[in-house]
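What follows is the content of structure.cif, which has mmCIF, C-alpha atoms:
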data_my_file
loop_
_atom_site.label_atom_id
_atom_site.label_comp_id
_atom_site.auth_asym_id
_atom_site.auth_seq_id
_atom_site.Cartn_x
_atom_site.Cartn_y
_atom_site.Cartn_z
CA MET O 1 53.82 103.15 125.93
CA GLY O 2 57.20 101.60 126.63
CA GLN O 3 57.97 101.11 122.95
CA SER O 4 60.48 103.45 121.43
CA ARG O 5 59.57 105.86 118.66
CA SER O 6 61.79 104.10 116.11
CA SER O 7 60.04 100.74 116.64
CA VAL O 8 56.54 102.16 116.06
CA PHE O 9 57.04 104.80 113.41
CA PRO O 10 59.08 104.47 110.29
CA PRO O 11 62.18 106.62 110.25
CA ALA O 12 61.70 110.13 108.98
CA PRO O 13 63.11 110.95 105.56
CA HIS O 14 65.82 113.12 107.03
CA ASP O 15 66.83 110.28 109.38
CA ASP O 16 67.12 107.90 106.43
CA GLU O 17 69.27 110.40 104.61
CA ARG O 18 71.56 110.63 107.62
CA GLN O 19 71.91 106.86 107.68
CA ARG O 20 72.84 106.78 104.01
CA ARG O 21 75.45 109.46 104.57
CA LYS O 22 77.04 107.36 107.29
CA ILE O 23 77.61 104.54 104.77
CA ARG O 24 80.35 106.17 102.77
CA ALA O 25 81.68 104.73 99.55
CA PRO O 26 85.14 103.12 99.67
CA VAL O 27 88.06 105.43 99.07
CA THR O 28 88.74 103.76 95.72
CA ALA O 29 85.20 104.58 94.57
CA ARG O 30 85.47 108.17 95.78
CA VAL O 31 88.79 108.64 93.98
CA ALA O 32 87.41 107.05 90.81
CA GLY O 33 84.30 109.23 91.02
CA TRP O 34 86.37 112.40 91.25
CA SER O 35 88.56 111.26 88.35
CA ALA O 36 85.50 110.43 86.23
CA ARG O 37 83.97 113.86 86.91
CA HIS O 38 87.28 115.64 86.21
CA ARG O 39 88.49 113.32 83.48
CA LYS O 40 90.52 115.88 81.54
CA THR O 41 92.23 117.13 84.68
CA ALA O 42 93.07 113.59 85.75
CA VAL O 43 94.39 112.42 82.36
CA PHE O 44 96.39 115.49 81.39
CA GLY O 45 97.53 116.01 84.98
CA TRP O 46 98.89 112.46 85.02
CA LEU O 47 100.72 112.91 81.73
CA LEU O 48 102.22 116.23 82.85
CA LEU O 49 103.31 114.67 86.14
CA VAL O 50 105.01 111.77 84.34
CA VAL O 51 106.82 114.12 81.96
CA ALA O 52 107.90 116.38 84.82
CA VAL O 53 109.24 113.54 86.97
CA PHE O 54 111.04 111.88 84.06
CA THR O 55 112.55 115.17 82.86
CA ALA O 56 113.66 116.13 86.35
CA GLY O 57 115.28 112.73 86.82
CA GLN O 58 117.17 113.03 83.55
CA ALA O 59 118.29 116.54 84.49
CA ILE O 60 119.71 115.50 87.85
CA GLY O 61 121.23 112.32 86.39
CA SER O 62 122.16 109.13 88.19
CA ALA O 63 124.93 108.87 90.77
CA GLN O 64 127.26 105.88 90.97
CA LEU O 65 127.36 105.18 94.70
CA THR O 66 129.65 102.40 95.87
CA GLN O 67 128.07 99.20 97.17
CA TYR O 68 129.43 97.77 100.42
CA ASP O 69 129.03 94.43 102.13
CA ALA O 70 127.10 94.11 105.34
CA GLY O 71 128.59 94.18 108.86
CA GLN O 72 132.23 94.73 109.72
CA ALA O 73 133.37 93.82 106.22
CA GLY O 74 131.36 96.74 104.91
CA GLN O 75 132.88 99.05 107.51
CA ALA O 76 136.36 98.03 106.41
CA GLU O 77 135.43 98.64 102.78
CA ARG O 78 134.20 102.13 103.62
CA VAL O 79 137.50 102.95 105.35
CA LEU O 80 139.54 101.64 102.41
CA ASN O 81 137.42 103.54 99.93
CA LYS O 82 137.83 106.73 101.96
CA VAL O 83 141.62 106.38 102.21
CA ALA O 84 142.39 105.17 98.67
CA PRO O 85 139.27 105.20 96.46
CA ALA O 86 141.13 104.61 93.20
CA GLN O 87 142.90 101.52 94.53
CA TYR O 88 139.89 100.16 96.42
CA ASN O 89 137.53 100.35 93.46
CA ALA O 90 140.11 99.27 90.88
CA TYR O 91 139.14 96.66 88.30
CA ALA O 92 141.70 93.89 87.80
CA GLU O 93 142.38 93.05 84.15
CA THR O 94 144.51 90.35 82.50
CA VAL O 95 145.86 90.01 78.97
CA LEU O 96 146.62 86.47 77.81
CA ILE O 97 149.45 85.96 75.31
CA GLN O 98 149.53 82.42 73.98
CA ALA O 99 151.38 80.74 71.13
CA LYS O 100 149.23 79.03 68.54
CA THR O 101 152.10 76.85 67.30
CA PRO O 102 152.86 73.80 69.49
CA GLY O 103 156.28 73.80 71.14
CA VAL O 104 156.70 77.58 71.10
CA THR O 105 157.42 79.01 74.56
CA PHE O 106 157.76 82.47 76.00
CA GLY O 107 161.44 81.96 76.71
CA SER O 108 162.29 80.75 73.21
CA ASP O 109 160.02 82.94 71.09
CA PRO O 110 161.05 86.62 70.64
CA ALA O 111 157.59 87.41 69.21
CA MET O 112 155.89 86.55 72.51
CA ARG O 113 158.28 88.74 74.46
CA GLN O 114 157.85 91.59 71.99
CA ALA O 115 154.08 91.23 72.16
CA ALA O 116 154.19 91.43 75.97
CA SER O 117 156.32 94.59 75.80
CA GLN O 118 154.05 96.18 73.19
CA VAL O 119 150.91 95.39 75.18
CA ALA O 120 152.47 97.05 78.22
CA ALA O 121 153.52 100.07 76.13
CA ALA O 122 150.07 100.43 74.56
CA LEU O 123 148.41 100.33 77.98
CA SER O 124 150.97 102.72 79.49
CA ALA O 125 149.98 105.26 76.85
CA ARG O 126 146.54 105.34 78.49
CA PRO O 127 147.35 106.13 82.15
CA ARG O 128 143.76 107.17 82.88
CA TYR O 129 142.49 103.68 82.06
CA ALA O 130 145.45 101.41 82.93
CA ALA O 131 147.70 101.37 86.01
CA GLY O 132 149.94 98.91 87.85
CA ILE O 133 151.02 97.15 84.63
CA ARG O 134 153.07 93.98 85.15
CA THR O 135 154.57 91.69 82.49
CA PRO O 136 156.70 88.52 82.59
CA LEU O 137 159.63 90.82 81.75
CA SER O 138 159.08 92.90 84.90
CA ALA O 139 160.96 92.23 88.12
CA GLY O 140 159.47 89.13 89.70
CA GLY O 141 157.31 88.52 86.65
CA GLN O 142 158.30 84.89 86.18
CA SER O 143 155.09 83.82 87.91
CA LEU O 144 153.12 85.29 84.98
CA VAL O 145 154.41 82.54 82.68
CA SER O 146 152.77 79.11 82.65
CA LYS O 147 154.78 76.00 83.57
CA ASP O 148 154.93 74.81 79.98
CA GLY O 149 155.97 78.30 78.84
CA ARG O 150 153.28 78.38 76.17
CA SER O 151 151.17 81.08 77.88
CA ALA O 152 152.03 84.41 79.50
CA LEU O 153 150.01 87.10 81.23
CA VAL O 154 150.14 90.89 81.35
CA THR O 155 148.22 92.23 84.33
CA PHE O 156 147.01 95.75 85.07
CA GLU O 157 144.19 97.61 86.81
CA VAL O 158 141.52 100.01 85.61
CA PRO O 159 141.46 102.76 88.29
CA GLY O 160 138.31 102.86 90.36
CA ASN O 161 137.82 106.57 89.90
CA VAL O 162 137.22 106.42 86.15
CA ALA O 163 134.07 108.23 85.07
CA ASP O 164 132.91 105.49 82.68
CA VAL O 165 133.96 101.85 83.16
CA ASN O 166 132.57 100.89 79.75
CA GLN O 167 134.70 103.50 78.01
CA ALA O 168 137.80 102.48 79.96
CA ALA O 169 137.34 98.79 79.11
CA THR O 170 136.70 99.59 75.44
CA THR O 171 139.82 101.77 75.23
CA ASP O 172 142.03 99.09 76.78
CA GLN O 173 140.56 96.39 74.58
CA HIS O 174 141.29 98.44 71.46
CA ALA O 175 144.90 98.82 72.57
CA VAL O 176 145.24 95.07 73.04
CA ALA O 177 143.49 94.38 69.71
CA THR O 178 146.04 96.60 67.96
CA VAL O 179 148.88 94.42 69.25
CA GLN O 180 146.97 91.27 68.32
CA ALA O 181 146.73 92.48 64.71
CA ARG O 182 150.54 92.62 64.52
CA TYR O 183 151.02 89.03 65.68
CA PRO O 184 148.65 86.66 63.83
CA ASP O 185 150.57 83.63 65.13
CA LEU O 186 149.74 84.56 68.73
CA HIS O 187 146.48 84.59 70.62
CA ILE O 188 146.22 87.88 72.55
CA ALA O 189 143.00 88.54 74.47
CA GLU O 190 141.90 90.61 77.46
CA SER O 191 139.51 89.79 80.26
CA GLY O 192 138.85 90.94 83.82
CA ASP O 193 136.49 92.81 86.10
CA ALA O 194 136.09 95.86 83.86
CA SER O 195 135.59 93.77 80.72
CA ILE O 196 132.99 91.59 82.42
CA GLN O 197 131.21 94.65 83.79
CA GLN O 198 131.18 96.14 80.31
CA ALA O 199 129.62 92.96 78.89
CA ILE O 200 126.98 92.93 81.64
CA ASN O 201 126.12 96.60 81.08
CA ASN O 202 125.76 96.02 77.36
CA ALA O 203 123.58 92.96 77.89
CA LEU O 204 121.44 94.49 80.65
CA ASN O 205 120.03 97.33 78.59
CA PHE O 206 116.67 98.40 80.02
CA SER O 207 115.73 100.23 76.81
CA LYS O 208 116.22 96.94 74.94
CA ALA O 209 114.09 95.11 77.51
CA GLU O 210 111.37 97.74 77.18
CA GLY O 211 111.52 97.51 73.40
CA ILE O 212 110.92 93.78 73.57
CA SER O 213 108.30 93.75 76.32
CA VAL O 214 106.05 96.45 74.84
CA PRO O 215 105.14 94.68 71.55
CA VAL O 216 104.84 91.31 73.26
CA THR O 217 102.54 92.79 75.91
CA LEU O 218 100.43 94.52 73.27
CA LEU O 219 100.01 91.24 71.38
CA LEU O 220 98.86 89.43 74.52
CA LEU O 221 96.41 92.23 75.38
CA LEU O 222 94.97 92.09 71.89
CA LEU O 223 94.30 88.40 72.41
CA VAL O 224 92.63 89.14 75.77
CA PHE O 225 90.43 92.08 74.73
CA GLY O 226 90.14 91.70 70.97
CA ALA O 227 90.09 95.51 70.58
CA LEU O 228 92.96 97.86 69.91
CA VAL O 229 91.81 100.70 72.20
CA ALA O 230 91.08 98.40 75.14
CA ALA O 231 94.47 96.73 74.71
CA GLY O 232 96.25 100.07 74.54
CA ILE O 233 94.87 101.36 77.86
CA PRO O 234 96.82 98.94 80.14
CA LEU O 235 99.91 99.41 78.01
CA LEU O 236 99.66 103.20 78.28
CA LEU O 237 99.40 102.99 82.05
CA ALA O 238 102.37 100.59 82.27
CA VAL O 239 104.64 102.69 80.05
CA THR O 240 103.82 105.98 81.80
CA SER O 241 104.26 104.39 85.23
CA LEU O 242 107.60 103.02 84.09
CA ALA O 243 108.75 106.40 82.77
CA ALA O 244 107.88 108.11 86.05
CA ALA O 245 109.57 105.35 88.07
CA ILE O 246 112.80 105.72 86.07
CA GLY O 247 112.76 109.43 86.88
CA VAL O 248 112.27 108.65 90.57
CA LEU O 249 115.08 106.09 90.38
CA MET O 250 117.47 108.83 89.27
CA PHE O 251 116.80 110.64 92.54
CA ILE O 252 117.10 107.41 94.53
CA SER O 253 120.55 106.77 93.02
CA HIS O 254 121.89 109.78 94.96
CA VAL O 255 120.89 108.10 98.23
CA LEU O 256 121.20 104.36 97.57
CA PRO O 257 123.46 102.36 95.23
CA VAL O 258 121.58 101.84 91.96
CA GLN O 259 123.30 99.64 89.40
CA SER O 260 122.16 98.62 85.93
CA GLU O 261 120.41 95.50 87.21
CA VAL O 262 118.09 97.69 89.30
CA TYR O 263 116.71 99.32 86.15
CA GLU O 264 116.07 95.87 84.69
CA VAL O 265 114.06 94.85 87.75
CA VAL O 266 112.07 98.09 87.62
CA VAL O 267 111.25 97.55 83.94
CA ILE O 268 110.07 93.99 84.56
CA ILE O 269 107.97 94.81 87.63
CA GLY O 270 106.67 98.07 86.16
CA MET O 271 105.37 96.40 83.02
CA ALA O 272 103.90 93.54 85.05
CA VAL O 273 101.96 95.51 87.66
CA GLY O 274 101.02 98.33 85.29
CA VAL O 275 99.32 95.90 82.91
CA ASP O 276 98.02 93.60 85.64
CA TYR O 277 96.27 96.26 87.71
CA SER O 278 94.62 97.98 84.76
CA LEU O 279 93.64 94.55 83.44
CA PHE O 280 91.68 93.89 86.66
CA TYR O 281 89.85 97.19 86.38
CA LEU O 282 89.10 97.15 82.67
CA ARG O 283 88.02 93.52 82.62
CA ARG O 284 85.56 94.02 85.50
CA GLU O 285 84.09 97.14 83.91
CA ARG O 286 83.52 95.30 80.60
CA GLU O 287 81.94 92.33 82.37
CA GLU O 288 79.48 94.59 84.22
CA ARG O 289 78.50 96.33 80.98
CA ALA O 290 78.05 92.94 79.30
CA SER O 291 75.70 91.91 82.12
CA GLY O 292 73.41 94.90 81.43
CA GLN O 293 74.73 97.58 83.76
CA SER O 294 74.90 101.16 82.55
CA PHE O 295 78.33 102.56 81.88
CA PRO O 296 78.47 104.78 85.02
CA GLU O 297 77.24 101.90 87.19
CA ALA O 298 79.75 99.47 85.65
CA LEU O 299 82.55 101.93 86.37
CA ARG O 300 81.32 102.41 89.94
CA ILE O 301 81.24 98.66 90.58
CA ALA O 302 84.70 98.22 89.10
CA SER O 303 86.08 100.97 91.33
CA ARG O 304 84.56 99.39 94.45
CA THR O 305 85.76 95.85 93.68
CA SER O 306 88.77 95.80 91.37
CA GLY O 307 89.91 99.18 92.68
CA ARG O 308 90.03 97.81 96.21
CA THR O 309 91.85 94.70 94.97
CA ILE O 310 94.49 96.88 93.32
CA LEU O 311 94.94 98.96 96.46
CA VAL O 312 95.33 95.92 98.73
CA SER O 313 97.55 94.08 96.25
CA GLY O 314 99.84 97.07 95.73
CA GLY O 315 100.14 97.67 99.45
CA THR O 316 101.01 94.01 100.01
CA VAL O 317 103.67 94.03 97.30
CA MET O 318 105.26 97.21 98.65
CA ALA O 319 105.27 95.88 102.20
CA ALA O 320 106.87 92.63 101.05
CA LEU O 321 109.56 94.51 99.11
CA CYS O 322 110.54 96.38 102.27
CA ALA O 323 112.11 93.13 103.49
CA LEU O 324 114.93 93.68 101.00
CA PHE O 325 116.11 96.64 103.08
CA LEU O 326 116.93 94.19 105.86
CA VAL O 327 119.55 92.45 103.72
CA GLY O 328 121.81 95.46 104.10
CA ALA O 329 124.24 94.68 101.29
CA GLY O 330 124.70 94.75 97.54
CA PRO O 331 122.03 96.09 95.19
CA PHE O 332 119.06 94.94 97.27
CA ALA O 333 118.26 98.33 98.80
CA GLY O 334 118.24 99.96 95.38
CA ILE O 335 116.08 97.18 93.96
CA ALA O 336 113.61 97.54 96.84
CA ALA O 337 113.36 101.32 96.48
CA GLY O 338 112.96 101.19 92.71
CA ALA O 339 110.38 98.38 92.80
CA ILE O 340 108.36 100.10 95.54
CA ALA O 341 108.37 103.32 93.53
CA VAL O 342 107.08 101.71 90.34
CA VAL O 343 104.39 99.72 92.19
CA PHE O 344 103.21 102.84 94.03
CA ILE O 345 103.02 104.81 90.78
CA ALA O 346 101.16 101.99 89.02
CA VAL O 347 98.61 101.79 91.86
CA ALA O 348 98.12 105.56 91.82
CA GLY O 349 97.61 105.55 88.06
CA SER O 350 95.20 102.61 88.19
CA LEU O 351 93.00 104.34 90.76
CA THR O 352 92.99 107.80 89.13
CA VAL O 353 93.86 108.05 85.45
CA LEU O 354 92.38 104.66 84.51
CA PRO O 355 88.77 105.45 85.58
CA ALA O 356 89.18 108.90 84.03
CA LEU O 357 90.17 107.32 80.71
CA LEU O 358 87.30 104.85 80.86
CA ALA O 359 84.81 107.62 81.68
CA TRP O 360 86.20 109.71 78.83
CA LEU O 361 86.14 106.92 76.26
CA GLY O 362 82.92 105.27 77.36
CA PRO O 363 81.82 102.55 74.92
CA ARG O 364 84.56 103.71 72.56
CA SER O 365 87.00 101.65 74.64
CA ASP O 366 85.80 98.71 72.51
CA ALA O 367 86.83 100.47 69.31
CA GLY O 368 89.29 98.90 66.91
CA ARG O 369 87.94 95.39 67.21
CA ILE O 370 89.93 92.66 65.56
CA PRO O 371 87.93 90.55 63.07
CA PHE O 372 86.74 87.19 64.44
CA LEU O 373 88.49 87.88 67.73
CA GLY O 374 87.02 91.23 68.76
CA ARG O 375 83.36 90.20 68.58
CA ARG O 376 83.93 87.29 70.95
CA ARG O 377 86.16 89.21 73.36
CA ALA O 378 84.06 92.41 73.59
CA ALA O 379 81.32 90.66 75.55
CA ALA O 380 83.85 89.69 78.23
CA ARG O 381 82.06 86.43 78.97
CA PRO O 382 83.79 83.68 80.95
CA SER O 383 85.88 81.38 78.80
CA ARG O 384 84.54 77.87 78.23
CA ALA O 385 88.03 76.52 78.69
#

If you took the structure in this file and wrote it as structure tokens, what would it be?
Amino acid sequence: MGQSRSSVFPPAPHDDERQRRKIRAPVTARVAGWSARHRKTAVFGWLLLVVAVFTAGQAIGSAQLTQYDAGQAGQAERVLNKVAPAQYNAYAETVLIQAKTPGVTFGSDPAMRQAASQVAAALSARPRYAAGIRTPLSAGGQSLVSKDGRSALVTFEVPGNVADVNQAATTDQHAVATVQARYPDLHIAESGDASIQQAINNALNFSKAEGISVPVTLLLLLLVFGALVAAGIPLLLAVTSLAAAIGVLMFISHVLPVQSEVYEVVVIIGMAVGVDYSLFYLRREREERASGQSFPEALRIASRTSGRTILVSGGTVMAALCALFLVGAGPFAGIAAGAIAVVFIAVAGSLTVLPALLAWLGPRSDAGRIPFLGRRRAAARPSRA
């Protein structure tokens, strides 16, 4: 008589149903389930969102905010930039004039003195891109001549308020090159902050990096999956995530300093996590199908396991990147914001559009198999190596 009802009688059907309802599927499985049921909405909605964010970012453009050091040095820089922005942000440039013939000196060679005057005149004709020009012929310019007299310098500054540093450096370099063409017996060359910045900007071209990384990534994915469609899915997610992140980065540039190196970091991280996260998901789904699971069940298992891994991994990466905000100087804040944005977008795409694509394609995700390689890779068995 003292025994409870639940210990004597089996639970009623409605009680069992209540218990099952209490055990809810993980959020990654619920999100994947919704995406699989509304596959067209998820896929086309994702593409429209990427296009909208990228277009809006291009429309607003990127701002060139000044980077400051941390602490009191940064405070002093802000004051100087507020009082005299053109002088504070100026780029120091130097033109070397050197005799190729041994024994020729600046004091004894009229050609060197004429070249110095002509360099100064050519730069003076471009006041927007050259200011504060000094030559060895200027008052107190003797210090611009080397001790042996064989080398001389012409110094000037590119104003800090120029709209395009690359254009300013190119214009000044053309002016110097014109003088060099008149004096083949002299070596006349320009270098400085603006010229170095121009070289860095030309080298750090994120479109070039993307152009290299995309085909290399596709080749590696073909080796992993052995099928063209399966290899294209991670690449599609990575490229769309990267496009959306670049659009977001345009907005971030109006709040935080975002230099060219930030775009490079975003491209590298975006391609890495975009491919990596979708690789987890797609690989697990193929392994479950190879083990005999139905396609819906394989997708459900992948969403519960690999989906959760992606969510935890992405959250960990974003939390770790927040530490860069504590540095408080240089490009680190911009790098942190851009990297967090691209990781967040890649995680969102992996948990939504990826299961929608897999549900839409079904077994067709193994289409486009590569001879000899595709048959072995499609089964997704563990490698003997």

Subject >> the PyMOL selection byres ((chain O and resi 176-189) around 10) applied to the shown file, residues as a PyMOL selection string >> reply: chain O and resi 94-101+111-112+114-120+122-123+151-153+170-175+190-191

Original post:
Can you list, as a list in words, every protein, DNA or RNA residue that comes within 8 Å of stretch 267-281 of chain O when you count only C-alpha atoms, leaving out same-chain residues fewer than 4 positions away?
Top reply: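 So the residues in contact are Phe206, Ala209, Glu210, Ser213, Ile233, Pro234, Leu235, Leu237, Ala238, Val239, Ser241, Leu242, Tyr263, Glu285, Ala302, Ser303, Ser306, Gly307, Ile310, Ala339, Val342, Val343, Ala346, Val347, Ser350 and Leu354 of chain O.
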
Original post:
Separation of atom CA of O:Met318 and atom CA of O:Thr41, in Å?
Top reply: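 Going from atom CA of O:Met318 over to atom CA of O:Thr41 covers 27.6 Å.
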
**OP:** Could you tell me which residues the PyMOL selection byres ((chain O and resi 325) around 12) grabs in this file, written as a ChimeraX atom specification?
**Re:** /O:70,256,318-324,326-340

**OP:** List the neighbours of O:Arg289 out to 8 Å using only C-alpha atoms; skip same-chain residues closer than 5 positions along the sequence, and give me the result as a VMD selection string.
**Re:** chain O and resid 294 to 295 298

**OP:** Quote the spacing between atom CA of O:Gly349 and atom CA of O:Leu282 in Å to one decimal place.
**Re:** 13.1 Å

Residues at most 9 Å from stretch 46-49 of chain O, counting all atoms listed in the file, excluding those fewer than 2 positions away in the same chain, as a short mmCIF file (atom, residue, chain, number, x, y, z; two decimals) with C-alpha atoms, in the frame of the given file?
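So result16.cif came out as:
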data_model
loop_
_atom_site.label_atom_id
_atom_site.label_comp_id
_atom_site.auth_asym_id
_atom_site.auth_seq_id
_atom_site.Cartn_x
_atom_site.Cartn_y
_atom_site.Cartn_z
CA THR O 41 92.23 117.13 84.68
CA ALA O 42 93.07 113.59 85.75
CA VAL O 43 94.39 112.42 82.36
CA PHE O 44 96.39 115.49 81.39
CA VAL O 51 106.82 114.12 81.96
CA ALA O 52 107.90 116.38 84.82
CA VAL O 53 109.24 113.54 86.97
CA PHE O 54 111.04 111.88 84.06
CA THR O 240 103.82 105.98 81.80
CA ALA O 244 107.88 108.11 86.05
CA GLY O 349 97.61 105.55 88.06
CA THR O 352 92.99 107.80 89.13
CA VAL O 353 93.86 108.05 85.45
#

Original post:
Pick the closest to O:Gly192 from O:Val50, O:Ala341, O:Val154, O:Ile246: which is it, counting only C-alpha atoms?
Top reply: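 Nearest to O:Gly192: O:Val154.
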
**OP:** Calculate how many Å separate atom CA of O:Pro127 from atom CA of O:Gly140, rounding to one decimal.
**Re:** 22.2 Å

**OP:** Find the residues around O:Asp148 up to 10 Å (all atoms listed in the file counted), leave out those fewer than 3 positions away in its own chain, and share them as a list in words.
**Re:**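 That gives Gly103, Val104, Thr105, Phe106, Val145 and Ser151 of chain O.
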
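Considering only C-alpha atoms, the residue among O:Ala227, O:Ala290, O:Ala56, O:Leu299 positioned nearest to O:Leu249 is O:Ala56.
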
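Using all atoms listed in the file, the smallest distance between any of O:Ala90, O:Leu222, O:Leu351, O:Ile301 and O:Val165 comes from O:Ala90.
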
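Applied to this file, the PyMOL selection byres ((chain O and resi 26) around 12) selects Lys22, Ile23, Arg24, Ala25, Val27, Thr28, Ala29, Arg30, Val31, Ala32, Gly33, Arg300, Ile301, Ala302, Ser303, Arg304, Thr305, Ser306, Gly307, Arg308, Thr309, Leu311 and Leu351 of chain O.
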
Original post:
Closest to O:Gly247 among O:Val266, O:Ala36, O:Asn202, O:Arg286, using only C-alpha atoms?
Top reply: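 The closest residue to O:Gly247 is O:Val266.
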
Where atoms are lacking, stretch 266-277 of chain O completed to N, CA and C atoms, as a compact mmCIF listing (two decimals), keeping the file's coordinate frame:
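Saved to part.txt:
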# COMPACT_ATOMS: atom_id res chain seq x y z
N VAL O 266 113.15 97.09 87.67
CA VAL O 266 112.07 98.09 87.62
C VAL O 266 111.27 97.96 86.33
N VAL O 267 111.95 97.73 85.21
CA VAL O 267 111.25 97.55 83.94
C VAL O 267 110.34 96.33 83.99
N ILE O 268 110.86 95.23 84.51
CA ILE O 268 110.07 93.99 84.56
C ILE O 268 108.85 94.16 85.47
N ILE O 269 109.08 94.66 86.68
CA ILE O 269 107.97 94.81 87.63
C ILE O 269 107.01 95.89 87.17
N GLY O 270 107.53 96.99 86.62
CA GLY O 270 106.67 98.07 86.16
C GLY O 270 105.72 97.63 85.07
N MET O 271 106.24 96.90 84.08
CA MET O 271 105.37 96.40 83.02
C MET O 271 104.35 95.41 83.56
N ALA O 272 104.78 94.58 84.51
CA ALA O 272 103.90 93.54 85.05
C ALA O 272 102.73 94.15 85.83
N VAL O 273 103.03 94.97 86.82
CA VAL O 273 101.96 95.51 87.66
C VAL O 273 101.13 96.54 86.92
N GLY O 274 101.78 97.34 86.03
CA GLY O 274 101.02 98.33 85.29
C GLY O 274 99.95 97.69 84.43
N VAL O 275 100.30 96.61 83.75
CA VAL O 275 99.32 95.90 82.91
C VAL O 275 98.35 95.12 83.78
N ASP O 276 98.85 94.47 84.81
CA ASP O 276 98.02 93.60 85.64
C ASP O 276 96.91 94.38 86.34
N TYR O 277 97.26 95.50 86.96
CA TYR O 277 96.27 96.26 87.71
C TYR O 277 95.20 96.85 86.80
